[in-house]
2 protein chains.
Amino acid sequence: MEIIRIPRIMQDTCKKYLLKGRSIGLVPTMGALHEGHLSLVKRARTENDISAVSIFINPTQFGPSEDLDRYPRDVENDIKKLRAQEVDILFLPDNLLMYPKGFVTYVEVTAISGKLCGAFRPGHFRGVATVVAKLLNIASPTRAYFGQKDFQQTVVIRRMAKDLDLDVQIVVCPTIREQDGLAMSSRNLYLDSRQRQAAAAIYKCLSAASEALRSGTASSAETKKIMREMLAGEPLITNIEYASVYDTNTLDEADQMQGEVLLAVAVRMGEVRLIDNTVVNL
Amino acid sequence: MEIIRIPRIMQDTCKKYLLKGRSIGLVPTMGALHEGHLSLVKRARTENDISAVSIFINPTQFGPSEDLDRYPRDVENDIKKLRAQEVDILFLPDNLLMYPKGFVTYVEVTAISGKLCGAFRPGHFRGVATVVAKLLNIASPTRAYFGQKDFQQTVVIRRMAKDLDLDVQIVVCPTIREQDGLAMSSRNLYLDSRQRQAAAAIYKCLSAASEALRSGTASSAETKKIMREMLAGEPLITNIEYASVYDTNTLDEADQMQGEVLLAVAVRMGEVRLIDNTVVNL
């Protein structure tokens, strides 16, 4: 595995592969890699000649009161895991090379970025869209891989890629879950053992809501009620930021219960913020 | 000359050339081509294997009260001129293919975009940065050519290309002028014959200010005064939007009179807005 730390060298390296007609699969991550990330890596390896993973904790997607400083970092273990997957390139850029002095350009996916998580994390999706645009321009991948767990992120990135004519296929892979259904996330490391157990309530809520919708007996409003009641029943969940049924494209609350709908949840367990979702085909 | 109207086909065509190791020079324009544009085209032809010109009157860079509807259009003559230059590809996209239903993504070069012209044309440089990002992603040129006449535009585009890691060389070419010094611009077509004659005052003002600076006798404030007085002396100039000495990087008014400084002017002659500039090396 080649480890590249300088954007310009990463760009030249990837261009060379493309000129030889090789396809490149990129998995952008913030490190602290878990099975969710590794499922993306495996898929990138299968579908492309060259697999590349980026690890970059992107400061522009964290708000001033968010967890940038304590976000889990474990590059040594990450490198071991990626070597075991036989990844070809690890892109590990320095903050000052990604955002040099004088940096002032941002990509804004308006309309979508302010909804759901965006309402609670102002500027978050501007940071995400900007860094992903940069990573896509640096690595010029044939395909880029993202987890469905961050559903809104995948909508924002797909929209950006389409709107800015980026020549890349955005591949969204299923959420990988723990035994009890909790969606894998680097932020799960923040949970103490009681919180960790209680966090299973999120998946239980999504499963119950999904079943209610599929049975055809629950309206959108009733499904939302089921979701909120189940989450409110778990005392360690200290706040429900959102929990409802949404249109998978606009991310507005859905009232038409047909085709694909999104069930999505964001909760707080004390300081820790957890999100999860599932898509139901009706 | 191949005429391509569909972004996806333009993208595939350019990718094919790149895969063959050919360099591409792109000249983005809004049409109504004059000698200024053609100087860019000539340079793009000389420096690259493949020369491409885009003609697209970009709606997102016009404000609601601006001249989008009456902006000069003369595609037939433009095509003749480009054929005469032996341009390889003309990209002539339709508005609905550039901004399809659901388009919501914009590139913002903050800090620079609100100054000079940006203060008088809110949203203008957001539209410019967005459409240029799109055109660069569609044509993936080795080099892209812009005229120095739109100085702030070149600063915005260079900054965007650097910040978003676009793998393109931005080439800025000298302003081409009429006999009396008036900078060539598609908007000169708006001028009646009296206004056209009076418009030469802009270049005279830049020349005088440049001479004053070079002589070493004039301070920044004195130079600004000379500029504004000369422009105010022309009765057909109905408004001076800005006229002063600026830092070529930050576009703030310069007080340090050393190295490169920018003399820049924007005036109104009735409905018509004209800009011009010159860079002085001290």
# chains A, B, ... in the order shown; residues from 1 in each chain; ligands from 1
call {"tool": "residues_around", "arguments": {"residues": "stretch 123-128 of chain B", "least_positions_apart": "2", "cutoff": "7 Å", "atoms": "only C-alpha atoms", "output": "list in words"}}
result
Thr60, Gln61, Phe62, Gly63, Tyr106, Val107, Glu108, Val109, Ser113, Gly118, Arg121, Thr130, Val131 and Val132 of chain B
call {"tool": "write_last_selection", "arguments": {"atoms": "N, CA, C and O atoms", "output": "short mmCIF file (atom, residue, chain, number, x, y, z; two decimals), in the first residue's frame"}}
result
data_model
loop_
_atom_site.label_atom_id
_atom_site.label_comp_id
_atom_site.auth_asym_id
_atom_site.auth_seq_id
_atom_site.Cartn_x
_atom_site.Cartn_y
_atom_site.Cartn_z
N THR B 60 -26.83 32.36 -14.33
CA THR B 60 -26.62 32.53 -12.89
C THR B 60 -25.63 33.64 -12.55
O THR B 60 -25.48 33.98 -11.38
N GLN B 61 -24.97 34.22 -13.56
CA GLN B 61 -24.06 35.32 -13.23
C GLN B 61 -24.67 36.69 -13.51
O GLN B 61 -24.01 37.71 -13.35
N PHE B 62 -25.95 36.68 -13.95
CA PHE B 62 -26.67 37.94 -14.17
C PHE B 62 -27.62 38.18 -13.00
O PHE B 62 -28.33 37.26 -12.59
N GLY B 63 -27.64 39.40 -12.47
CA GLY B 63 -28.62 39.75 -11.45
C GLY B 63 -29.99 39.93 -12.09
O GLY B 63 -30.10 40.06 -13.31
N TYR B 106 -23.84 25.50 -5.71
CA TYR B 106 -23.09 26.69 -6.11
C TYR B 106 -21.70 26.69 -5.50
O TYR B 106 -21.51 26.21 -4.38
N VAL B 107 -20.77 27.24 -6.25
CA VAL B 107 -19.41 27.40 -5.75
C VAL B 107 -19.24 28.86 -5.34
O VAL B 107 -19.52 29.77 -6.14
N GLU B 108 -18.82 29.07 -4.11
CA GLU B 108 -18.65 30.43 -3.59
C GLU B 108 -17.19 30.67 -3.27
O GLU B 108 -16.63 29.98 -2.43
N VAL B 109 -16.60 31.63 -3.95
CA VAL B 109 -15.25 32.06 -3.59
C VAL B 109 -15.45 33.26 -2.65
O VAL B 109 -15.56 34.40 -3.11
N SER B 113 -15.18 37.62 -3.69
CA SER B 113 -16.34 37.82 -4.57
C SER B 113 -17.17 39.06 -4.26
O SER B 113 -17.91 39.54 -5.10
N GLY B 118 -18.14 42.81 -7.50
CA GLY B 118 -19.03 42.00 -6.67
C GLY B 118 -19.91 42.85 -5.76
O GLY B 118 -21.04 42.47 -5.44
N ARG B 121 -22.65 43.87 -8.13
CA ARG B 121 -23.34 42.78 -8.81
C ARG B 121 -23.43 41.58 -7.86
O ARG B 121 -22.75 40.57 -8.06
N THR B 130 -19.40 29.04 -10.33
CA THR B 130 -20.19 27.81 -10.52
C THR B 130 -20.11 27.34 -11.96
O THR B 130 -19.82 26.17 -12.24
N VAL B 131 -20.34 28.25 -12.90
CA VAL B 131 -20.36 27.80 -14.30
C VAL B 131 -18.96 27.43 -14.77
O VAL B 131 -18.79 26.48 -15.54
N VAL B 132 -17.94 28.13 -14.29
CA VAL B 132 -16.57 27.78 -14.70
C VAL B 132 -16.18 26.42 -14.10
O VAL B 132 -15.57 25.59 -14.78
#
call {"tool": "residues_around", "arguments": {"residues": "A:Thr223", "least_positions_apart": "4", "cutoff": "10 Å", "atoms": "only C-alpha atoms", "output": "PyMOL selection string"}}
result
chain A and resi 205-206+208-213+217-219+227-229+243-245+263
call {"tool": "interface_residues", "arguments": {"of": "chain A", "to": "chain B", "cutoff": "7 Å", "atoms": "only C-alpha atoms", "output": "list in words"}}
result
Leu19, Phe103, Val104, Thr105, Tyr106, Val107, Glu108, Val109, Thr110, Ala111, Ala133, Lys134, Asn137, Ile138, Met160, Asp163, Leu164, Asp165 and Leu166 of chain A
call {"tool": "select_by_dssp", "arguments": {"residues": "stretch 51-155 of chain B", "states": "strand (DSSP E)", "output": "PDB file with N, CA and C atoms, in the first residue's frame"}}
result
ATOM      1  N   SER B  51      -8.061  22.448 -29.329  1.00  0.00           N
ATOM      2  CA  SER B  51      -8.612  23.725 -28.860  1.00  0.00           C
ATOM      3  C   SER B  51     -10.129  23.614 -28.783  1.00  0.00           C
ATOM      4  N   ALA B  52     -10.662  24.050 -27.662  1.00  0.00           N
ATOM      5  CA  ALA B  52     -12.116  24.015 -27.466  1.00  0.00           C
ATOM      6  C   ALA B  52     -12.578  25.390 -27.002  1.00  0.00           C
ATOM      7  N   VAL B  53     -13.729  25.819 -27.525  1.00  0.00           N
ATOM      8  CA  VAL B  53     -14.332  27.084 -27.112  1.00  0.00           C
ATOM      9  C   VAL B  53     -15.742  26.768 -26.638  1.00  0.00           C
ATOM     10  N   SER B  54     -16.150  27.349 -25.513  1.00  0.00           N
ATOM     11  CA  SER B  54     -17.555  27.201 -25.127  1.00  0.00           C
ATOM     12  C   SER B  54     -18.248  28.543 -25.291  1.00  0.00           C
ATOM     13  N   ILE B  55     -19.473  28.489 -25.779  1.00  0.00           N
ATOM     14  CA  ILE B  55     -20.329  29.675 -25.835  1.00  0.00           C
ATOM     15  C   ILE B  55     -21.556  29.357 -24.999  1.00  0.00           C
ATOM     16  N   ILE B  89     -13.195  22.090 -31.276  1.00  0.00           N
ATOM     17  CA  ILE B  89     -14.499  21.780 -30.682  1.00  0.00           C
ATOM     18  C   ILE B  89     -15.182  23.071 -30.223  1.00  0.00           C
ATOM     19  N   LEU B  90     -16.440  23.228 -30.615  1.00  0.00           N
ATOM     20  CA  LEU B  90     -17.266  24.293 -30.045  1.00  0.00           C
ATOM     21  C   LEU B  90     -18.296  23.628 -29.147  1.00  0.00           C
ATOM     22  N   PHE B  91     -18.290  24.017 -27.874  1.00  0.00           N
ATOM     23  CA  PHE B  91     -19.280  23.503 -26.918  1.00  0.00           C
ATOM     24  C   PHE B  91     -20.359  24.563 -26.764  1.00  0.00           C
ATOM     25  N   THR B 105     -26.603  23.472  -6.581  1.00  0.00           N
ATOM     26  CA  THR B 105     -25.228  23.545  -6.078  1.00  0.00           C
ATOM     27  C   THR B 105     -24.488  24.779  -6.598  1.00  0.00           C
ATOM     28  N   TYR B 106     -23.837  25.496  -5.709  1.00  0.00           N
ATOM     29  CA  TYR B 106     -23.087  26.686  -6.111  1.00  0.00           C
ATOM     30  C   TYR B 106     -21.699  26.686  -5.497  1.00  0.00           C
ATOM     31  N   VAL B 107     -20.770  27.240  -6.249  1.00  0.00           N
ATOM     32  CA  VAL B 107     -19.407  27.404  -5.748  1.00  0.00           C
ATOM     33  C   VAL B 107     -19.241  28.863  -5.345  1.00  0.00           C
ATOM     34  N   GLU B 108     -18.818  29.066  -4.112  1.00  0.00           N
ATOM     35  CA  GLU B 108     -18.655  30.425  -3.594  1.00  0.00           C
ATOM     36  C   GLU B 108     -17.191  30.669  -3.274  1.00  0.00           C
ATOM     37  N   VAL B 109     -16.601  31.632  -3.947  1.00  0.00           N
ATOM     38  CA  VAL B 109     -15.255  32.062  -3.585  1.00  0.00           C
ATOM     39  C   VAL B 109     -15.446  33.260  -2.650  1.00  0.00           C
ATOM     40  N   ARG B 143      -5.408  23.496 -20.002  1.00  0.00           N
ATOM     41  CA  ARG B 143      -5.294  24.934 -19.753  1.00  0.00           C
ATOM     42  C   ARG B 143      -6.639  25.602 -20.069  1.00  0.00           C
ATOM     43  N   ALA B 144      -6.996  26.633 -19.292  1.00  0.00           N
ATOM     44  CA  ALA B 144      -8.199  27.409 -19.597  1.00  0.00           C
ATOM     45  C   ALA B 144      -7.803  28.875 -19.691  1.00  0.00           C
ATOM     46  N   TYR B 145      -8.377  29.584 -20.649  1.00  0.00           N
ATOM     47  CA  TYR B 145      -7.920  30.924 -21.028  1.00  0.00           C
ATOM     48  C   TYR B 145      -8.961  31.975 -20.695  1.00  0.00           C
ATOM     49  N   PHE B 146      -8.508  33.050 -20.043  1.00  0.00           N
ATOM     50  CA  PHE B 146      -9.396  34.144 -19.676  1.00  0.00           C
ATOM     51  C   PHE B 146      -8.694  35.471 -19.967  1.00  0.00           C
ATOM     52  N   GLY B 147      -9.495  36.504 -20.245  1.00  0.00           N
ATOM     53  CA  GLY B 147      -8.927  37.810 -20.561  1.00  0.00           C
ATOM     54  C   GLY B 147      -8.697  38.630 -19.302  1.00  0.00           C
TER      55      GLY B 147
END
call {"tool": "residues_around", "arguments": {"residues": "B:Ile57", "least_positions_apart": "2", "cutoff": "9 Å", "atoms": "only C-alpha atoms", "output": "JSON, numbers by chain"}}
result
{"B": [29, 30, 31, 55, 59, 61, 68, 71, 73, 95]}
call {"tool": "atom_distance", "arguments": {"atom1": "atom CA of B:Ala201", "atom2": "atom CA of B:Leu231"}}
result
6.5 Å
call {"tool": "atom_distance", "arguments": {"atom1": "atom CA of B:Ala199", "atom2": "atom CA of B:Glu178"}}
result
10.9 Å
call {"tool": "residues_around", "arguments": {"residues": "B:Ile176", "least_positions_apart": "4", "cutoff": "7 Å", "atoms": "only C-alpha atoms", "output": "list in words"}}
result
Glu35, Gly36, Ala183 and Met184 of chain B
call {"tool": "decode", "arguments": {"residues": "stretch 38-59 of chain B", "atoms": "C-alpha atoms", "output": "JSON list (two decimals), in the first residue's frame"}}
result
[["chain", "number", "residue", "atom", "x", "y", "z"],
["B", 38, "LEU", "CA", -10.00, 35.47, -30.63],
["B", 39, "SER", "CA", -6.66, 36.30, -29.01],
["B", 40, "LEU", "CA", -7.48, 33.70, -26.35],
["B", 41, "VAL", "CA", -8.49, 31.21, -29.02],
["B", 42, "LYS", "CA", -5.23, 31.72, -30.90],
["B", 43, "ARG", "CA", -3.23, 31.17, -27.74],
["B", 44, "ALA", "CA", -5.23, 28.04, -26.85],
["B", 45, "ARG", "CA", -4.56, 26.66, -30.34],
["B", 46, "THR", "CA", -0.84, 27.35, -30.10],
["B", 47, "GLU", "CA", -0.36, 25.84, -26.66],
["B", 48, "ASN", "CA", -2.54, 22.70, -26.87],
["B", 49, "ASP", "CA", -3.20, 19.71, -29.11],
["B", 50, "ILE", "CA", -6.96, 20.30, -29.02],
["B", 51, "SER", "CA", -8.61, 23.73, -28.86],
["B", 52, "ALA", "CA", -12.12, 24.01, -27.47],
["B", 53, "VAL", "CA", -14.33, 27.08, -27.11],
["B", 54, "SER", "CA", -17.55, 27.20, -25.13],
["B", 55, "ILE", "CA", -20.33, 29.67, -25.84],
["B", 56, "PHE", "CA", -22.85, 29.84, -23.02],
["B", 57, "ILE", "CA", -24.64, 32.92, -21.76],
["B", 58, "ASN", "CA", -24.68, 31.88, -18.13],
["B", 59, "PRO", "CA", -27.91, 33.03, -16.46]]
